[in-house]
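Trainee: Handing over structure_23.pdb, PDB, C-alpha atoms.
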```
ATOM      1  CA  MET W   1     131.073 177.134 101.154  1.00  0.00           C
ATOM      2  CA  ASN W   2     132.891 176.416 104.398  1.00  0.00           C
ATOM      3  CA  LEU W   3     131.200 174.777 107.378  1.00  0.00           C
ATOM      4  CA  SER W   4     130.778 177.938 109.421  1.00  0.00           C
ATOM      5  CA  ALA W   5     129.256 179.881 106.547  1.00  0.00           C
ATOM      6  CA  ALA W   6     126.869 177.038 105.725  1.00  0.00           C
ATOM      7  CA  ARG W   7     125.850 176.713 109.361  1.00  0.00           C
ATOM      8  CA  TYR W   8     125.189 180.430 109.816  1.00  0.00           C
ATOM      9  CA  LEU W   9     123.427 180.862 106.469  1.00  0.00           C
ATOM     10  CA  GLY W  10     121.292 177.835 107.244  1.00  0.00           C
ATOM     11  CA  ALA W  11     120.440 179.381 110.611  1.00  0.00           C
ATOM     12  CA  VAL W  12     119.444 182.627 108.876  1.00  0.00           C
ATOM     13  CA  MET W  13     117.128 180.753 106.501  1.00  0.00           C
ATOM     14  CA  VAL W  14     115.498 178.865 109.380  1.00  0.00           C
ATOM     15  CA  ALA W  15     115.125 182.170 111.249  1.00  0.00           C
ATOM     16  CA  VAL W  16     113.364 183.701 108.241  1.00  0.00           C
ATOM     17  CA  VAL W  17     110.975 180.741 108.129  1.00  0.00           C
ATOM     18  CA  GLY W  18     110.242 181.150 111.842  1.00  0.00           C
ATOM     19  CA  VAL W  19     109.767 184.915 111.619  1.00  0.00           C
ATOM     20  CA  VAL W  20     107.359 184.597 108.690  1.00  0.00           C
ATOM     21  CA  HIS W  21     105.332 181.982 110.583  1.00  0.00           C
ATOM     22  CA  LEU W  22     105.248 184.147 113.706  1.00  0.00           C
ATOM     23  CA  GLN W  23     104.235 187.245 111.714  1.00  0.00           C
ATOM     24  CA  GLN W  24     101.473 185.324 109.951  1.00  0.00           C
ATOM     25  CA  TYR W  25     100.329 183.858 113.271  1.00  0.00           C
ATOM     26  CA  VAL W  26     100.028 187.308 114.825  1.00  0.00           C
ATOM     27  CA  SER W  27      98.398 188.802 111.708  1.00  0.00           C
ATOM     28  CA  PHE W  28      95.556 186.348 111.202  1.00  0.00           C
ATOM     29  CA  ILE W  29      96.434 182.657 111.471  1.00  0.00           C
ATOM     30  CA  LYS W  30      96.033 182.596 115.268  1.00  0.00           C
ATOM     31  CA  ASP W  31      92.268 182.530 114.711  1.00  0.00           C
ATOM     32  CA  VAL W  32      92.404 179.494 112.394  1.00  0.00           C
ATOM     33  CA  PRO W  33      91.788 176.249 114.313  1.00  0.00           C
ATOM     34  CA  THR W  34      94.669 173.733 114.222  1.00  0.00           C
ATOM     35  CA  ILE W  35      96.702 175.797 111.725  1.00  0.00           C
ATOM     36  CA  GLY W  36      97.194 178.669 114.187  1.00  0.00           C
ATOM     37  CA  PRO W  37      98.910 176.563 116.847  1.00  0.00           C
ATOM     38  CA  LEU W  38     100.978 174.830 114.150  1.00  0.00           C
ATOM     39  CA  PHE W  39     102.297 178.206 112.957  1.00  0.00           C
ATOM     40  CA  LEU W  40     103.253 179.085 116.520  1.00  0.00           C
ATOM     41  CA  LEU W  41     104.988 175.711 116.956  1.00  0.00           C
ATOM     42  CA  ASN W  42     106.851 176.237 113.683  1.00  0.00           C
ATOM     43  CA  ALA W  43     108.112 179.618 114.890  1.00  0.00           C
ATOM     44  CA  ALA W  44     109.171 178.183 118.267  1.00  0.00           C
ATOM     45  CA  GLY W  45     110.886 175.209 116.649  1.00  0.00           C
ATOM     46  CA  ALA W  46     112.714 177.493 114.236  1.00  0.00           C
ATOM     47  CA  GLY W  47     113.939 179.589 117.166  1.00  0.00           C
ATOM     48  CA  ALA W  48     115.263 176.537 118.979  1.00  0.00           C
ATOM     49  CA  ILE W  49     116.999 175.263 115.847  1.00  0.00           C
ATOM     50  CA  VAL W  50     118.620 178.649 115.198  1.00  0.00           C
ATOM     51  CA  VAL W  51     120.020 178.744 118.737  1.00  0.00           C
ATOM     52  CA  MET W  52     121.332 175.191 118.434  1.00  0.00           C
ATOM     53  CA  LEU W  53     122.950 175.931 115.074  1.00  0.00           C
ATOM     54  CA  ALA W  54     124.578 179.040 116.495  1.00  0.00           C
ATOM     55  CA  VAL W  55     125.912 177.771 119.819  1.00  0.00           C
ATOM     56  CA  ALA W  56     125.328 174.095 120.514  1.00  0.00           C
ATOM     57  CA  ARG W  57     127.737 171.241 119.955  1.00  0.00           C
ATOM     58  CA  ILE W  58     124.994 169.180 118.343  1.00  0.00           C
ATOM     59  CA  ARG W  59     125.094 171.176 115.127  1.00  0.00           C
ATOM     60  CA  THR W  60     124.501 168.203 112.830  1.00  0.00           C
ATOM     61  CA  VAL W  61     121.380 167.252 114.785  1.00  0.00           C
ATOM     62  CA  ALA W  62     120.264 170.899 114.659  1.00  0.00           C
ATOM     63  CA  ALA W  63     120.862 170.972 110.893  1.00  0.00           C
ATOM     64  CA  LEU W  64     118.784 167.817 110.485  1.00  0.00           C
ATOM     65  CA  GLY W  65     116.042 169.487 112.522  1.00  0.00           C
ATOM     66  CA  GLY W  66     116.268 172.510 110.236  1.00  0.00           C
ATOM     67  CA  LEU W  67     115.978 170.255 107.201  1.00  0.00           C
ATOM     68  CA  ALA W  68     112.884 168.613 108.671  1.00  0.00           C
ATOM     69  CA  LEU W  69     111.322 171.984 109.548  1.00  0.00           C
ATOM     70  CA  CYS W  70     111.946 173.407 106.068  1.00  0.00           C
ATOM     71  CA  ALA W  71     110.728 170.269 104.295  1.00  0.00           C
ATOM     72  CA  GLY W  72     107.647 170.005 106.500  1.00  0.00           C
ATOM     73  CA  SER W  73     106.801 173.643 105.912  1.00  0.00           C
ATOM     74  CA  LEU W  74     107.143 173.239 102.142  1.00  0.00           C
ATOM     75  CA  VAL W  75     104.899 170.175 102.140  1.00  0.00           C
ATOM     76  CA  SER W  76     102.359 171.998 104.297  1.00  0.00           C
ATOM     77  CA  ILE W  77     102.290 174.965 101.915  1.00  0.00           C
ATOM     78  CA  ALA W  78     101.836 172.640  98.948  1.00  0.00           C
ATOM     79  CA  VAL W  79      98.996 170.768 100.632  1.00  0.00           C
ATOM     80  CA  SER W  80      97.293 173.980 101.787  1.00  0.00           C
ATOM     81  CA  ALA W  81      97.452 175.282  98.209  1.00  0.00           C
ATOM     82  CA  SER W  82      95.636 172.180  96.945  1.00  0.00           C
ATOM     83  CA  SER W  83      91.899 172.096  96.517  1.00  0.00           C
ATOM     84  CA  SER W  84      91.367 170.088  99.715  1.00  0.00           C
ATOM     85  CA  GLY W  85      93.597 172.295 101.876  1.00  0.00           C
ATOM     86  CA  LEU W  86      95.284 171.382 105.138  1.00  0.00           C
ATOM     87  CA  PHE W  87      93.130 170.840 108.247  1.00  0.00           C
ATOM     88  CA  GLY W  88      90.367 172.814 106.571  1.00  0.00           C
ATOM     89  CA  TYR W  89      92.595 175.770 105.606  1.00  0.00           C
ATOM     90  CA  SER W  90      93.360 176.565 101.973  1.00  0.00           C
ATOM     91  CA  GLU W  91      95.992 179.084 100.902  1.00  0.00           C
ATOM     92  CA  PRO W  92      94.126 181.083  98.249  1.00  0.00           C
ATOM     93  CA  THR W  93      97.086 182.738  96.466  1.00  0.00           C
ATOM     94  CA  LEU W  94     100.835 183.007  96.555  1.00  0.00           C
ATOM     95  CA  ARG W  95     100.948 185.953  98.944  1.00  0.00           C
ATOM     96  CA  GLY W  96     104.213 187.816  99.686  1.00  0.00           C
ATOM     97  CA  PRO W  97     104.897 186.140 103.050  1.00  0.00           C
ATOM     98  CA  VAL W  98     104.257 182.721 101.518  1.00  0.00           C
ATOM     99  CA  ALA W  99     106.737 183.437  98.714  1.00  0.00           C
ATOM    100  CA  VAL W 100     109.358 184.618 101.228  1.00  0.00           C
ATOM    101  CA  ALA W 101     108.843 181.471 103.305  1.00  0.00           C
ATOM    102  CA  VAL W 102     109.101 179.193 100.263  1.00  0.00           C
ATOM    103  CA  VAL W 103     112.356 180.807  99.121  1.00  0.00           C
ATOM    104  CA  ALA W 104     113.824 180.606 102.652  1.00  0.00           C
ATOM    105  CA  GLU W 105     112.729 176.967 102.999  1.00  0.00           C
ATOM    106  CA  LEU W 106     114.252 175.977  99.658  1.00  0.00           C
ATOM    107  CA  LEU W 107     117.504 177.783 100.415  1.00  0.00           C
ATOM    108  CA  GLY W 108     117.494 176.321 103.925  1.00  0.00           C
ATOM    109  CA  LEU W 109     117.183 172.827 102.494  1.00  0.00           C
ATOM    110  CA  LEU W 110     120.083 173.353 100.098  1.00  0.00           C
ATOM    111  CA  ILE W 111     122.381 175.055 102.594  1.00  0.00           C
ATOM    112  CA  LEU W 112     121.700 172.721 105.521  1.00  0.00           C
ATOM    113  CA  ALA W 113     122.013 169.632 103.312  1.00  0.00           C
ATOM    114  CA  SER W 114     125.383 170.967 102.154  1.00  0.00           C
ATOM    115  CA  PHE W 115     126.395 171.506 105.793  1.00  0.00           C
ATOM    116  CA  VAL W 116     125.417 167.958 106.800  1.00  0.00           C
ATOM    117  CA  LEU W 117     127.227 166.432 103.809  1.00  0.00           C
ATOM    118  CA  GLN W 118     130.366 168.473 104.532  1.00  0.00           C
ATOM    119  CA  ARG W 119     130.280 167.391 108.187  1.00  0.00           C
ATOM    120  CA  ARG W 120     130.055 163.755 107.092  1.00  0.00           C
ATOM    121  CA  ARG W 121     133.072 164.176 104.798  1.00  0.00           C
ATOM    122  CA  VAL W 122     135.103 165.827 107.558  1.00  0.00           C
ATOM    123  CA  ALA W 123     134.173 163.063 110.028  1.00  0.00           C
ATOM    124  CA  ALA W 124     135.074 160.286 107.576  1.00  0.00           C
TER     125      ALA W 124
END
```
Could you render the structure from this file as structure tokens?
Mentor:
Amino acid sequence: MNLSAARYLGAVMVAVVGVVHLQQYVSFIKDVPTIGPLFLLNAAGAGAIVVMLAVARIRTVAALGGLALCAGSLVSIAVSASSSGLFGYSEPTLRGPVAVAVVAELLGLLILASFVLQRRRVAA
């Protein structure tokens, strides 16, 4: 996959993660203490990363931010699915939006990692 394709596909995956978090925030998470604001921050961060991946000259930094966002979201889902939950919130089942987010986060990790590694090879 060439650099441009990896960058744009990575941006699409991060956008999906952000859209799912925003949709879930609006639907019901906004009323959950601590978790609600975190969902809104995730959506805002995803939006900023997508813009930076699309237009900014700091694309490697943006890709690293996307990697962090995707990894953090995956860890948060895993912890919230555990018996103790995350900040008092437990994800009861693997709902559709959660599955979409997990797939986008996993693909985002793979694509953005590929982008960063390709950028390192080109720079070397």
Trainee: Per residue of stretch 70-115 of chain W within 12 Å of stretch 48-60 of chain W, record the nearest atom pair and its distance in Å to one decimal, counting only C-alpha atoms, with rows in chain order and ascending residue number, as a Markdown table.
Mentor:
```
| residue | atom | partner | partner_atom | distance |
| --- | --- | --- | --- | --- |
| W:Cys70 | CA | W:Ile49 | CA | 11.2 |
| W:Gly108 | CA | W:Val50 | CA | 11.6 |
| W:Leu112 | CA | W:Thr60 | CA | 9.0 |
| W:Ala113 | CA | W:Thr60 | CA | 9.9 |
| W:Ser114 | CA | W:Thr60 | CA | 11.1 |
| W:Phe115 | CA | W:Thr60 | CA | 8.0 |
```
Trainee: Could you jot down the atom CA of W:Leu3 to atom CA of W:Val98 separation for me, Å, one decimal place?
Mentor: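 Going from atom CA of W:Leu3 over to atom CA of W:Val98 covers 28.7 Å.
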Trainee: Could you name the residues that touch W:Glu91 at 7 Å or less, counting all atoms listed in the file, but leaving out those on the same chain fewer than 2 positions away, as number ranges by chain?
Mentor: W: 80-81, 89, 93
Trainee: What does the distance from atom CA of W:Ser83 to atom CA of W:Leu67 come to in Å, to one decimal?
Mentor: 26.4 Å
Trainee: Show me a table, sorted first by chain and then by increasing residue number, of the residues of stretch 61-119 of chain W having an atom at most 9 Å from stretch 24-43 of chain W, each with its shortest atom pair and the distance in Å to one decimal, counting only C-alpha atoms and written as a tab-separated table.
Mentor:
```
residue	atom	partner	partner_atom	distance
W:Leu69	CA	W:Asn42	CA	7.4
W:Ser73	CA	W:Asn42	CA	8.2
W:Leu86	CA	W:Ile35	CA	8.1
W:Phe87	CA	W:Thr34	CA	6.8
W:Gly88	CA	W:Pro33	CA	8.6
W:Tyr89	CA	W:Ile35	CA	7.4
W:Pro97	CA	W:Gln24	CA	7.7
```
Trainee: What does the distance between atom CA of W:Arg7 and atom CA of W:Ala78 come to in Å, to one decimal place?
Mentor: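 Computed distance, atom CA of W:Arg7 to atom CA of W:Ala78, equals 26.5 Å.
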Trainee: Choose the residue, out of W:Arg120, W:Val103, W:Gly85, W:Leu110, that has the smallest atom-to-atom separation from W:Val16; count only C-alpha atoms.
Mentor: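 For W:Val16, the nearest of the candidates is W:Val103.
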Trainee: Rank W:Val102, W:Gln118, W:Val19, W:Leu109 by their smallest atom-to-atom distance to W:Met1, using all atoms listed in the file, and report the top residue only.
Mentor: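 Among the listed residues, the smallest separation from W:Met1 belongs to W:Gln118.
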Trainee: Determine the nearest neighbour of W:Ala15 from the options W:Ala104, W:Val116, W:Val75, W:Ile111, counting all atoms listed in the file.
Mentor: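 The closest residue to W:Ala15 is W:Ala104.
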Trainee: Find, counting all atoms listed in the file, the residue in W:Ala101, W:Ala46, W:Leu22, W:Val12 that gets nearest to W:Ala68.
Mentor: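 Among the listed residues, W:Ala46 lies closest to W:Ala68.
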Trainee: Restricting the calculation to all atoms listed in the file, which member of W:Val17, W:Ser76, W:Asn2, W:Ser82 is positioned closest to W:Leu106?
Mentor: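 Of the candidates, the smallest distance to W:Leu106 is held by W:Val17.
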Trainee: So, counting all atoms listed in the file, which residue among W:Leu94, W:Ala99, W:Val122, W:Ala63 is closest to W:Tyr8?
Mentor: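 When distances to W:Tyr8 are compared using all atoms listed in the file, the smallest one comes from W:Ala63.
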